[in-house]
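What follows is the content of target.tsv (TSV, C-alpha atoms).
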chain	number	residue	atom	x	y	z
A	11	MET	CA	-96.10	-226.01	55.50
A	12	ALA	CA	-95.79	-229.26	53.62
A	13	HIS	CA	-93.59	-229.09	50.56
A	14	SER	CA	-94.43	-231.08	47.52
A	15	ARG	CA	-91.72	-233.17	45.93
A	16	ARG	CA	-91.56	-230.69	43.03
A	17	GLU	CA	-91.06	-227.69	45.33
A	18	PHE	CA	-88.38	-229.50	47.31
A	19	LEU	CA	-86.44	-230.27	44.13
A	20	LYS	CA	-86.69	-226.64	43.01
A	21	ILE	CA	-85.33	-225.35	46.32
A	22	ALA	CA	-82.56	-227.96	46.33
A	23	GLY	CA	-81.55	-226.97	42.82
A	24	ILE	CA	-81.43	-223.25	43.59
A	25	SER	CA	-79.41	-223.77	46.76
A	26	GLY	CA	-77.04	-225.99	44.81
A	27	LEU	CA	-76.51	-223.19	42.29
A	28	GLY	CA	-75.96	-220.73	45.12
A	29	LEU	CA	-73.22	-222.94	46.52
A	30	CYS	CA	-71.39	-222.91	43.19
A	31	LEU	CA	-71.56	-219.11	42.77
A	32	PRO	CA	-68.98	-217.87	45.32
A	33	ALA	CA	-66.40	-220.33	43.99
A	34	SER	CA	-66.78	-219.19	40.39
A	35	THR	CA	-66.79	-215.45	41.16
A	36	GLY	CA	-63.63	-215.97	43.19
A	37	LEU	CA	-62.01	-217.63	40.21
A	38	ILE	CA	-63.05	-214.88	37.79
A	39	SER	CA	-61.75	-212.09	40.02
A	40	ALA	CA	-58.48	-214.00	40.53
A	41	ILE	CA	-57.95	-214.27	36.77
A	42	ALA	CA	-58.82	-210.59	36.30
A	43	ALA	CA	-56.30	-209.74	39.01
A	44	THR	CA	-53.42	-211.06	36.88
A	45	PRO	CA	-51.51	-207.92	36.01
A	46	ALA	CA	-51.71	-206.87	32.39
A	47	ALA	CA	-48.40	-206.91	30.55
A	48	GLY	CA	-47.13	-203.39	30.07
A	49	PRO	CA	-45.50	-202.32	26.82
A	50	PRO	CA	-45.01	-205.21	24.37
A	51	PRO	CA	-41.67	-206.73	25.38
A	52	LYS	CA	-39.03	-206.65	22.71
A	53	PRO	CA	-37.19	-209.91	21.98
A	54	LEU	CA	-33.42	-209.88	21.68
A	55	ALA	CA	-32.82	-209.43	17.94
A	56	ALA	CA	-34.99	-212.39	16.97
A	57	LEU	CA	-34.96	-213.52	13.37
A	58	LYS	CA	-38.27	-212.69	11.73
A	59	ALA	CA	-39.83	-213.70	8.45
A	60	GLN	CA	-43.10	-213.62	6.62
A	61	ARG	CA	-42.76	-217.30	5.78
A	62	TRP	CA	-39.93	-219.52	6.95
A	63	ALA	CA	-38.90	-222.28	4.56
A	64	MET	CA	-36.01	-224.64	4.01
A	65	ALA	CA	-34.24	-225.89	0.92
A	66	VAL	CA	-32.09	-229.00	0.66
A	67	ASN	CA	-29.42	-228.89	-1.97
A	68	ILE	CA	-29.34	-232.56	-2.94
A	69	SER	CA	-26.14	-232.32	-4.97
A	70	LYS	CA	-24.25	-230.99	-1.94
A	71	CYS	CA	-25.70	-233.43	0.60
A	72	LYS	CA	-23.28	-236.24	1.44
A	73	VAL	CA	-24.74	-239.73	1.68
A	74	ASP	CA	-22.90	-240.95	4.76
A	75	CYS	CA	-23.10	-237.72	6.73
A	76	ALA	CA	-25.51	-237.30	9.65
A	77	ASP	CA	-24.31	-234.00	11.09
A	78	CYS	CA	-27.71	-232.33	10.77
A	79	ILE	CA	-29.46	-235.22	12.52
A	80	ALA	CA	-26.95	-235.31	15.35
A	81	ALA	CA	-27.04	-231.54	15.86
A	82	CYS	CA	-30.84	-231.38	15.86
A	83	HIS	CA	-31.28	-234.29	18.22
A	84	LEU	CA	-28.67	-232.90	20.58
A	85	GLU	CA	-30.22	-229.45	20.55
A	86	HIS	CA	-33.74	-230.68	21.28
A	87	ASN	CA	-32.98	-233.54	23.69
A	88	VAL	CA	-34.41	-236.10	21.29
A	89	PRO	CA	-34.20	-239.54	22.92
A	90	ASP	CA	-32.32	-242.33	21.18
A	91	PHE	CA	-34.35	-245.54	21.35
A	92	GLY	CA	-32.19	-247.16	18.69
A	93	LYS	CA	-33.61	-248.35	15.40
A	94	THR	CA	-37.00	-249.33	16.75
A	95	LYS	CA	-40.48	-248.74	15.38
A	96	ASP	CA	-41.11	-246.15	18.08
A	97	SER	CA	-37.89	-244.21	17.58
A	98	ILE	CA	-38.20	-240.42	17.80
A	99	ARG	CA	-37.08	-238.53	14.71
A	100	TRP	CA	-37.17	-234.79	14.20
A	101	ILE	CA	-34.94	-235.01	11.17
A	102	THR	CA	-33.80	-238.24	9.59
A	103	SER	CA	-32.62	-239.57	6.27
A	104	GLN	CA	-34.70	-241.66	3.90
A	105	PRO	CA	-33.94	-243.25	0.53
A	106	TYR	CA	-34.96	-241.26	-2.50
A	107	PRO	CA	-37.87	-243.57	-3.54
A	108	VAL	CA	-39.41	-243.16	-0.08
A	109	VAL	CA	-39.04	-239.39	-0.10
A	110	PHE	CA	-40.41	-238.98	-3.62
A	111	PRO	CA	-42.61	-242.03	-4.29
A	112	GLY	CA	-44.44	-240.31	-7.14
A	113	VAL	CA	-41.37	-239.43	-9.16
A	114	ALA	CA	-39.07	-242.30	-8.20
A	115	LYS	CA	-37.55	-243.92	-11.22
A	116	PRO	CA	-36.67	-247.60	-11.30
A	117	ARG	CA	-33.11	-246.77	-12.35
A	118	LEU	CA	-31.34	-243.91	-10.69
A	119	PRO	CA	-28.06	-242.52	-11.97
A	120	GLY	CA	-26.17	-243.34	-8.77
A	121	GLU	CA	-27.80	-246.68	-8.29
A	122	SER	CA	-24.80	-248.37	-6.77
A	123	LYS	CA	-25.17	-246.40	-3.54
A	124	PRO	CA	-28.60	-245.66	-2.11
A	125	LEU	CA	-29.35	-241.95	-2.31
A	126	LEU	CA	-30.40	-240.76	1.13
A	127	LEU	CA	-32.13	-237.44	1.63
A	128	PRO	CA	-32.75	-235.55	4.87
A	129	VAL	CA	-36.43	-235.44	5.74
A	130	LEU	CA	-38.09	-233.33	8.39
A	131	CYS	CA	-41.40	-231.64	9.10
A	132	ASN	CA	-42.47	-229.75	5.99
A	133	HIS	CA	-44.21	-226.95	7.92
A	134	CYS	CA	-47.03	-227.11	5.38
A	135	ASP	CA	-49.11	-224.17	4.26
A	136	ASN	CA	-52.20	-226.29	4.86
A	137	PRO	CA	-51.11	-228.66	7.61
A	138	PRO	CA	-53.39	-231.66	8.14
A	139	CYS	CA	-51.97	-232.21	11.63
A	140	VAL	CA	-53.28	-228.83	12.76
A	141	ARG	CA	-56.72	-229.56	11.37
A	142	VAL	CA	-57.10	-232.87	13.22
A	143	CYS	CA	-55.59	-231.89	16.57
A	144	PRO	CA	-58.48	-231.98	19.06
A	145	THR	CA	-56.81	-229.82	21.71
A	146	GLY	CA	-55.14	-227.17	19.57
A	147	ALA	CA	-51.75	-228.43	20.72
A	148	THR	CA	-50.47	-228.22	17.15
A	149	PHE	CA	-50.96	-224.83	15.61
A	150	LYS	CA	-49.77	-222.66	12.77
A	151	ARG	CA	-47.74	-219.56	13.50
A	152	ALA	CA	-48.03	-216.42	11.44
A	153	ASP	CA	-44.50	-216.95	10.13
A	154	GLY	CA	-45.43	-220.37	8.78
A	155	ILE	CA	-43.96	-222.60	11.47
A	156	THR	CA	-46.21	-225.50	12.43
A	157	LEU	CA	-45.53	-225.63	16.12
A	158	MET	CA	-46.42	-227.95	18.95
A	159	ASP	CA	-47.50	-226.86	22.39
A	160	TYR	CA	-46.41	-229.89	24.38
A	161	HIS	CA	-48.37	-228.64	27.38
A	162	ARG	CA	-51.60	-229.36	25.54
A	163	CYS	CA	-50.76	-232.62	23.78
A	164	ILE	CA	-52.88	-235.51	25.04
A	165	GLY	CA	-51.11	-238.13	22.93
A	166	CYS	CA	-54.10	-239.09	20.77
A	167	ARG	CA	-51.82	-239.42	17.71
A	168	PHE	CA	-54.44	-238.07	15.25
A	169	CYS	CA	-51.69	-235.81	13.91
A	170	MET	CA	-49.44	-238.81	13.25
A	171	ALA	CA	-52.21	-240.45	11.25
A	172	ALA	CA	-52.89	-237.23	9.37
A	173	CYS	CA	-49.30	-236.32	8.47
A	174	PRO	CA	-48.51	-237.77	5.03
A	175	TYR	CA	-44.78	-237.40	5.61
A	176	GLY	CA	-44.36	-239.36	8.83
A	177	SER	CA	-42.75	-236.33	10.41
A	178	ARG	CA	-44.17	-236.95	13.87
A	179	SER	CA	-43.10	-239.31	16.62
A	180	MET	CA	-44.82	-240.46	19.76
A	181	ASN	CA	-43.13	-240.97	23.11
A	182	TYR	CA	-44.36	-244.45	23.93
A	183	ARG	CA	-41.82	-244.61	26.73
A	184	ASP	CA	-40.36	-242.12	29.15
A	185	PRO	CA	-37.76	-240.45	26.93
A	186	ARG	CA	-35.63	-238.93	29.71
A	187	PRO	CA	-33.35	-241.97	30.33
A	188	PHE	CA	-32.68	-242.20	26.59
A	189	VAL	CA	-31.51	-238.61	26.16
A	190	ARG	CA	-27.78	-239.02	25.75
A	191	LYS	CA	-26.64	-235.53	26.72
A	192	LEU	CA	-29.16	-233.26	28.38
A	193	ASN	CA	-29.28	-229.78	26.86
A	194	PRO	CA	-30.66	-227.42	29.52
A	195	GLY	CA	-31.75	-224.93	26.83
A	196	TYR	CA	-34.71	-226.95	25.65
A	197	PRO	CA	-37.03	-229.09	27.77
A	198	PRO	CA	-37.28	-232.76	26.83
A	199	ARG	CA	-40.72	-234.26	26.44
A	200	THR	CA	-42.55	-236.76	28.59
A	201	ILE	CA	-44.29	-240.07	27.98
A	202	GLY	CA	-47.51	-239.87	25.96
A	203	VAL	CA	-46.60	-236.75	23.99
A	204	VAL	CA	-46.09	-236.43	20.24
A	205	GLU	CA	-43.15	-234.38	19.01
A	206	LYS	CA	-41.67	-233.11	15.78
A	207	CYS	CA	-39.33	-230.57	14.18
A	208	ASN	CA	-40.05	-226.96	15.17
A	209	PHE	CA	-37.72	-225.24	12.65
A	210	CYS	CA	-35.70	-224.33	15.78
A	211	GLU	CA	-38.11	-221.58	16.71
A	212	GLU	CA	-36.38	-221.26	20.09
A	213	LYS	CA	-33.10	-220.53	18.25
A	214	LEU	CA	-34.74	-218.13	15.79
A	215	ALA	CA	-36.07	-216.20	18.79
A	216	ARG	CA	-32.47	-215.82	19.96
A	217	GLY	CA	-31.32	-214.71	16.52
A	218	MET	CA	-29.76	-217.98	15.43
A	219	LEU	CA	-30.35	-220.21	12.43
A	220	PRO	CA	-31.68	-223.75	12.92
A	221	ALA	CA	-29.26	-226.29	14.35
A	222	CYS	CA	-29.30	-228.52	11.25
A	223	VAL	CA	-28.47	-225.59	8.96
A	224	THR	CA	-25.51	-224.45	11.02
A	225	ALA	CA	-24.29	-228.03	11.51
A	226	CYS	CA	-24.20	-228.84	7.79
A	227	ARG	CA	-20.56	-228.54	6.66
A	228	GLN	CA	-21.54	-228.94	3.00
A	229	LYS	CA	-23.94	-225.97	3.24
A	230	ALA	CA	-26.59	-228.21	1.71
A	231	LEU	CA	-29.35	-226.82	3.91
A	232	VAL	CA	-30.62	-223.32	3.23
A	233	PHE	CA	-33.07	-221.60	5.54
A	234	GLY	CA	-34.82	-218.29	5.10
A	235	ASP	CA	-37.83	-216.20	4.27
A	236	ILE	CA	-39.39	-217.54	1.09
A	237	LYS	CA	-41.57	-214.44	0.69
A	238	ASP	CA	-38.48	-212.22	0.57
A	239	ALA	CA	-37.21	-212.12	-3.03
A	240	ASN	CA	-33.63	-211.30	-1.90
A	241	SER	CA	-33.33	-214.03	0.71
A	242	GLU	CA	-30.75	-216.77	0.55
A	243	ILE	CA	-33.39	-219.44	0.10
A	244	ARG	CA	-34.94	-217.65	-2.88
A	245	ARG	CA	-31.53	-217.36	-4.52
A	246	ALA	CA	-30.97	-221.07	-3.89
A	247	LEU	CA	-34.36	-221.97	-5.36
A	248	ASN	CA	-33.66	-219.79	-8.41
A	249	SER	CA	-30.48	-221.71	-9.04
A	250	GLY	CA	-32.17	-224.90	-10.22
A	251	PHE	CA	-35.19	-227.11	-10.44
A	252	SER	CA	-36.66	-228.12	-7.09
A	253	LEU	CA	-39.11	-230.68	-5.84
A	254	ARG	CA	-41.38	-230.81	-2.85
A	255	ARG	CA	-42.62	-233.97	-1.18
A	256	ARG	CA	-46.04	-235.08	-2.46
A	257	PRO	CA	-47.34	-231.64	-3.43
A	258	GLU	CA	-50.36	-233.29	-5.10
A	259	LEU	CA	-51.86	-233.76	-1.63
A	260	GLY	CA	-52.41	-230.02	-1.35
A	261	THR	CA	-50.59	-229.63	1.94
A	262	GLY	CA	-48.21	-227.02	0.55
A	263	PRO	CA	-44.96	-228.37	2.02
A	264	GLN	CA	-42.23	-225.78	2.53
A	265	VAL	CA	-39.13	-227.96	2.49
A	266	HIS	CA	-37.76	-227.77	-1.05
A	267	TYR	CA	-35.32	-230.26	-2.56
A	268	ILE	CA	-33.08	-228.64	-5.17
A	269	LEU	CA	-31.87	-231.15	-7.76
B	27	MET	CA	-94.48	-242.63	62.64
B	28	LYS	CA	-93.30	-246.18	62.29
B	29	LEU	CA	-89.75	-246.72	61.14
B	30	TYR	CA	-89.53	-250.19	59.64
B	31	GLY	CA	-86.20	-251.85	60.36
B	32	GLY	CA	-85.24	-248.71	62.29
B	33	TRP	CA	-82.13	-250.03	64.01
B	34	LYS	CA	-80.62	-251.02	60.67
B	35	ILE	CA	-81.19	-247.57	59.24
B	36	ILE	CA	-79.79	-245.82	62.31
B	37	ALA	CA	-76.80	-248.15	62.48
B	38	GLY	CA	-76.20	-247.56	58.79
B	39	LEU	CA	-76.38	-243.79	59.25
B	40	ILE	CA	-73.94	-243.89	62.16
B	41	PHE	CA	-71.56	-246.05	60.13
B	42	PHE	CA	-71.87	-243.65	57.19
B	43	LEU	CA	-71.11	-240.63	59.39
B	44	LEU	CA	-68.13	-242.39	60.90
B	45	VAL	CA	-66.68	-243.13	57.47
B	46	VAL	CA	-67.33	-239.63	56.16
B	47	THR	CA	-65.77	-237.92	59.16
B	48	PHE	CA	-62.85	-240.40	59.24
B	49	PRO	CA	-60.22	-237.84	58.19
B	50	PHE	CA	-61.23	-235.50	61.01
B	51	TRP	CA	-61.24	-237.88	63.96
B	52	TYR	CA	-58.38	-240.00	62.65
B	53	GLY	CA	-56.16	-237.00	62.18
B	54	GLY	CA	-57.45	-235.81	65.53
B	55	LEU	CA	-56.90	-232.24	66.42
B	56	LYS	CA	-53.18	-232.36	65.83
B	57	ALA	CA	-52.47	-229.69	63.27
B	58	THR	CA	-49.79	-230.35	60.67
B	59	PRO	CA	-47.23	-227.57	60.99
B	60	PRO	CA	-47.23	-225.21	57.99
B	61	PRO	CA	-44.36	-225.83	55.56
B	62	ASP	CA	-41.05	-224.23	56.38
B	63	LEU	CA	-40.12	-222.49	53.12
B	64	LYS	CA	-36.48	-221.62	52.66
B	65	LEU	CA	-35.52	-218.41	50.88
B	66	ASP	CA	-31.82	-218.67	51.69
B	67	THR	CA	-30.45	-219.38	48.21
B	68	PRO	CA	-27.34	-217.49	47.03
B	69	ALA	CA	-29.28	-215.73	44.25
B	70	ILE	CA	-31.88	-214.41	46.67
B	71	GLY	CA	-29.14	-213.42	49.12
B	72	GLN	CA	-27.63	-211.12	46.51
B	73	LEU	CA	-30.90	-209.29	45.85
B	74	ALA	CA	-30.99	-205.73	47.19
B	75	GLU	CA	-34.75	-205.89	47.61
B	76	LYS	CA	-36.08	-209.28	48.70
B	77	ARG	CA	-39.00	-209.32	46.31
B	78	CYS	CA	-40.22	-211.78	43.71
B	79	ILE	CA	-41.29	-210.46	40.31
B	80	GLU	CA	-44.61	-209.46	41.87
B	81	ASP	CA	-45.37	-209.02	45.56
B	82	ALA	CA	-45.37	-212.10	47.72
B	83	ALA	CA	-49.13	-212.22	48.34
B	84	PHE	CA	-49.83	-212.13	44.62
B	85	MET	CA	-47.22	-214.76	43.87
B	86	ARG	CA	-48.50	-217.02	46.64
B	87	ALA	CA	-52.03	-216.91	45.28
B	88	ASN	CA	-51.43	-216.65	41.55
B	89	HIS	CA	-48.05	-218.14	40.61
B	90	MET	CA	-49.75	-221.09	38.94
B	91	LYS	CA	-51.97	-218.84	36.84
B	92	LEU	CA	-48.97	-216.71	35.94
B	93	LEU	CA	-47.06	-219.81	34.84
B	94	VAL	CA	-49.96	-220.99	32.66
B	95	LYS	CA	-50.11	-217.53	31.11
B	96	TRP	CA	-46.34	-217.60	30.59
B	97	GLN	CA	-46.43	-220.95	28.82
B	98	ASP	CA	-49.04	-219.65	26.39
B	99	LEU	CA	-47.12	-216.40	25.85
B	100	VAL	CA	-43.88	-218.19	24.99
B	101	VAL	CA	-45.14	-221.17	23.04
B	102	ARG	CA	-48.18	-219.79	21.30
B	103	GLU	CA	-47.45	-216.07	20.95
B	104	GLY	CA	-43.67	-216.08	20.89
B	105	ILE	CA	-43.44	-213.42	23.63
B	106	ARG	CA	-40.46	-214.21	25.82
B	107	SER	CA	-40.34	-211.37	28.29
B	108	TYR	CA	-42.72	-210.32	31.02
B	109	ALA	CA	-43.27	-206.78	32.20
B	110	ALA	CA	-44.12	-206.86	35.90
B	111	THR	CA	-46.52	-204.36	37.44
B	112	ASP	CA	-43.59	-202.29	38.73
B	113	GLY	CA	-42.27	-201.96	35.17
B	114	LYS	CA	-39.31	-204.31	35.47
B	115	VAL	CA	-38.97	-206.74	32.56
B	116	TYR	CA	-38.10	-210.37	33.18
B	117	GLN	CA	-37.29	-213.25	30.89
B	118	ILE	CA	-40.15	-215.72	30.79
B	119	SER	CA	-38.56	-218.97	31.82
B	120	LEU	CA	-39.42	-221.47	34.52
B	121	THR	CA	-35.94	-222.90	34.74
B	122	ALA	CA	-33.95	-219.71	34.19
B	123	SER	CA	-36.04	-217.06	35.96
B	124	CYS	CA	-38.02	-218.92	38.62
B	125	LEU	CA	-35.46	-221.57	39.48
B	126	GLY	CA	-32.64	-219.07	38.97
B	127	CYS	CA	-33.56	-217.55	42.32
B	128	HIS	CA	-35.47	-220.44	43.86
B	129	SER	CA	-32.72	-222.95	43.19
B	130	ASN	CA	-33.84	-224.96	46.22
B	131	LYS	CA	-36.96	-226.50	44.65
B	132	ASP	CA	-37.08	-229.27	47.25
B	133	LYS	CA	-37.10	-226.76	50.11
B	134	PHE	CA	-39.38	-224.19	48.52
B	135	CYS	CA	-41.72	-225.42	45.78
B	136	ASP	CA	-42.01	-229.03	46.92
B	137	ARG	CA	-42.62	-228.32	50.61
B	138	CYS	CA	-45.71	-226.25	49.94
B	139	HIS	CA	-46.93	-228.52	47.16
B	140	ASP	CA	-46.61	-231.52	49.46
B	141	TYR	CA	-48.39	-229.69	52.26
B	142	THR	CA	-51.33	-228.75	50.04
B	143	GLY	CA	-51.31	-232.07	48.21
B	144	VAL	CA	-50.89	-230.74	44.70
B	145	LYS	CA	-48.78	-232.52	42.12
B	146	PRO	CA	-47.72	-230.11	39.38
B	147	LYS	CA	-46.50	-231.78	36.20
B	148	CYS	CA	-43.96	-229.09	35.30
B	149	TYR	CA	-40.87	-231.20	35.92
B	150	SER	CA	-41.96	-234.24	33.94
B	151	CYS	CA	-40.49	-232.25	31.02
B	152	HIS	CA	-38.70	-229.16	32.33
B	153	ILE	CA	-35.20	-229.79	33.55
B	154	LEU	CA	-33.94	-228.78	36.94
B	155	PRO	CA	-30.57	-227.05	36.51
B	156	LYS	CA	-28.95	-229.53	38.91
B	157	GLU	CA	-30.12	-232.47	36.76
B	158	VAL	CA	-27.77	-231.41	33.99
B	159	PRO	CA	-24.45	-233.22	34.41

Transcribe the structure of this file into structure tokens.
Amino acid sequence: MAHSRREFLKIAGISGLGLCLPASTGLISAIAATPAAGPPPKPLAALKAQRWAMAVNISKCKVDCADCIAACHLEHNVPDFGKTKDSIRWITSQPYPVVFPGVAKPRLPGESKPLLLPVLCNHCDNPPCVRVCPTGATFKRADGITLMDYHRCIGCRFCMAACPYGSRSMNYRDPRPFVRKLNPGYPPRTIGVVEKCNFCEEKLARGMLPACVTACRQKALVFGDIKDANSEIRRALNSGFSLRRRPELGTGPQVHYIL
Amino acid sequence: MKLYGGWKIIAGLIFFLLVVTFPFWYGGLKATPPPDLKLDTPAIGQLAEKRCIEDAAFMRANHMKLLVKWQDLVVREGIRSYAATDGKVYQISLTASCLGCHSNKDKFCDRCHDYTGVKPKCYSCHILPKEVP
């Protein structure tokens, strides 16, 4: 029997499909074979909140102090590239006119010394970085933390372009040789991955407050549940007038600066 | 049937087959010995029952899928413990749980990965306990 070209192609196509089938069914059954987790495992007294937020008490923050930065960068194995354009910063300090460009006055009361404020990821209510991330590597947790899944980051840097606060840094180089003291409790990142502040979610899960908050000797940083009317952060915010960075953008930042 | 330029076609086919089957005849019939995996770490020596968190056959076939599931559980869902099928609960951690027992990565993980030619990217970020000074 002579096959026409059309028939030959049909048969070839069907046999090709048949070849694929055993492989895919094997894969499906292997995934289904993964044992289902039993009762929901209970974490060890993790700190929980409806909405985590931070407040910076500007009047208590000392200009020449960098305890929070040092503690954070030590905790999270943040590499130190020096003061370069590609330096990695989870928390850093910026002059007041950079932090609040919209409300910066030409003459500040303490003009003689530049007023530096700690800046970190604002863990926005409406985070633009989450919206632009093509792989879902950056995502929003139910408790308000904007978190990064470094396993999924492809280093496209859309999030860095989207973040109006410059809270994100890219590893343009292998960071491992630049980590001064390796902390085994938190994995460092690799080249080609973006990173940022995570509100110390790994410490919250172990029932501890963020590293910057505990490191601050002036108690200028307050961390807590902003939806809980009796929380420390709500009491701090009730104590005075507070600002947020560029709220007009509609991102809903949750790092408050108490004047 | 006339085959125009037949010798060129046949020579080409033979050359093609030689190239395609190169790995088989070059490697010959000498079989690479299966990797010699060491389970003689102190942590494993102290175990009463020499058993991983699931049985060995499951771990051999599915440890990579389990690790992918673990990374999603910890990072994305905030679940940090794993209930095995026998009801025991383990901390989800590559460096603490897996490498806690298998502290000889170069004689356990790496030997099989080298043998099968896979290059997992786990340790481009995750720290081996012995790397910490």

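Here CA of Cys139 (chain A) stands at a distance of 8.3 Å from CA of Ala171 (chain A).
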
Please, what distance in Å, to one decimal, runs between CA of Ala109 (chain B) and CA of His128 (chain B)? 19.6 Å

Restricting the calculation to all atoms listed in the file, which member of B:Asp112, B:Glu103, B:Asp98, B:Asp62 is positioned closest to Arg137 (chain B)? B:Asp62

At a cut-off of 8 Å, which residues of chain B touch chain A? Count all atoms listed in the file and give the answer as a PyMOL selection string. chain B and resi 88+91-92+101-102+104-111+113+115+150-153+155+158-159

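For the pair CA of Leu43 (chain B) and CA of Leu19 (chain A), the interatomic distance is 24.0 Å.
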
Mind checking which residues fall within 9 Å of Leu154 (chain B), counting only C-alpha atoms, ignoring those fewer than 4 positions away in the same chain, and posting them as a ChimeraX atom specification? /A:194 /B:121,125,129,131,149,158

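The neighbours of Cys143 (chain A) here are the residues that come within 10 Å of it, using only C-alpha atoms and leaving out any residue fewer than 4 positions away in the same chain; they are A:Pro138, A:Cys139, A:Ala147, A:Thr148, A:Phe149, A:Cys163, A:Ile164, A:Gly165, A:Cys166, A:Arg167, A:Phe168, A:Cys169, A:Met170, A:Ala172.
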
With C-alpha atoms retained, export the selected residues as a compact mmCIF listing (two decimals), in the frame of the given file.
# COMPACT_ATOMS: atom_id res chain seq x y z
CA PRO A 138 -53.39 -231.66 8.14
CA CYS A 139 -51.97 -232.21 11.63
CA ALA A 147 -51.75 -228.43 20.72
CA THR A 148 -50.47 -228.22 17.15
CA PHE A 149 -50.96 -224.83 15.61
CA CYS A 163 -50.76 -232.62 23.78
CA ILE A 164 -52.88 -235.51 25.04
CA GLY A 165 -51.11 -238.13 22.93
CA CYS A 166 -54.10 -239.09 20.77
CA ARG A 167 -51.82 -239.42 17.71
CA PHE A 168 -54.44 -238.07 15.25
CA CYS A 169 -51.69 -235.81 13.91
CA MET A 170 -49.44 -238.81 13.25
CA ALA A 172 -52.89 -237.23 9.37

Using all atoms listed in the file, which of A:His83, A:Arg227, A:Arg16, A:His266 sits nearest Asn208 (chain A)? A:His83

Because some atoms of region 138-154 of chain B are absent here, can you restore N, CA and C atoms and send them as a tab-separated table (two decimals), keeping the file's coordinate frame?
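Ended up saving to part.tsv:
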chain	number	residue	atom	x	y	z
B	138	CYS	N	-44.35	-226.77	49.92
B	138	CYS	CA	-45.71	-226.25	49.94
B	138	CYS	C	-46.64	-227.13	49.11
B	139	HIS	N	-46.12	-227.63	48.00
B	139	HIS	CA	-46.93	-228.52	47.16
B	139	HIS	C	-47.27	-229.80	47.92
B	140	ASP	N	-46.32	-230.32	48.67
B	140	ASP	CA	-46.61	-231.52	49.46
B	140	ASP	C	-47.64	-231.23	50.54
B	141	TYR	N	-47.49	-230.07	51.17
B	141	TYR	CA	-48.39	-229.69	52.26
B	141	TYR	C	-49.81	-229.57	51.75
B	142	THR	N	-49.99	-228.96	50.58
B	142	THR	CA	-51.33	-228.75	50.04
B	142	THR	C	-51.78	-229.90	49.16
B	143	GLY	N	-50.90	-230.89	48.96
B	143	GLY	CA	-51.31	-232.07	48.21
B	143	GLY	C	-51.54	-231.82	46.74
B	144	VAL	N	-50.78	-230.93	46.15
B	144	VAL	CA	-50.89	-230.74	44.70
B	144	VAL	C	-49.66	-231.35	44.03
B	145	LYS	N	-49.87	-231.87	42.84
B	145	LYS	CA	-48.78	-232.52	42.12
B	145	LYS	C	-48.63	-231.86	40.76
B	146	PRO	N	-47.90	-230.76	40.68
B	146	PRO	CA	-47.72	-230.11	39.38
B	146	PRO	C	-46.87	-230.99	38.46
B	147	LYS	N	-47.18	-230.92	37.17
B	147	LYS	CA	-46.50	-231.78	36.20
B	147	LYS	C	-45.33	-231.07	35.50
B	148	CYS	N	-44.96	-229.90	36.00
B	148	CYS	CA	-43.96	-229.09	35.30
B	148	CYS	C	-42.69	-229.88	35.01
B	149	TYR	N	-42.21	-230.63	36.02
B	149	TYR	CA	-40.87	-231.20	35.92
B	149	TYR	C	-40.87	-232.58	35.30
B	150	SER	N	-42.02	-233.02	34.76
B	150	SER	CA	-41.96	-234.24	33.94
B	150	SER	C	-41.25	-233.93	32.63
B	151	CYS	N	-41.27	-232.65	32.20
B	151	CYS	CA	-40.49	-232.25	31.02
B	151	CYS	C	-39.35	-231.30	31.41
B	152	HIS	N	-39.70	-230.19	32.06
B	152	HIS	CA	-38.70	-229.16	32.33
B	152	HIS	C	-37.58	-229.70	33.21
B	153	ILE	N	-36.38	-229.25	32.90
B	153	ILE	CA	-35.20	-229.79	33.55
B	153	ILE	C	-34.81	-228.90	34.73
B	154	LEU	N	-34.53	-229.53	35.84
B	154	LEU	CA	-33.94	-228.78	36.94
B	154	LEU	C	-32.47	-228.53	36.61
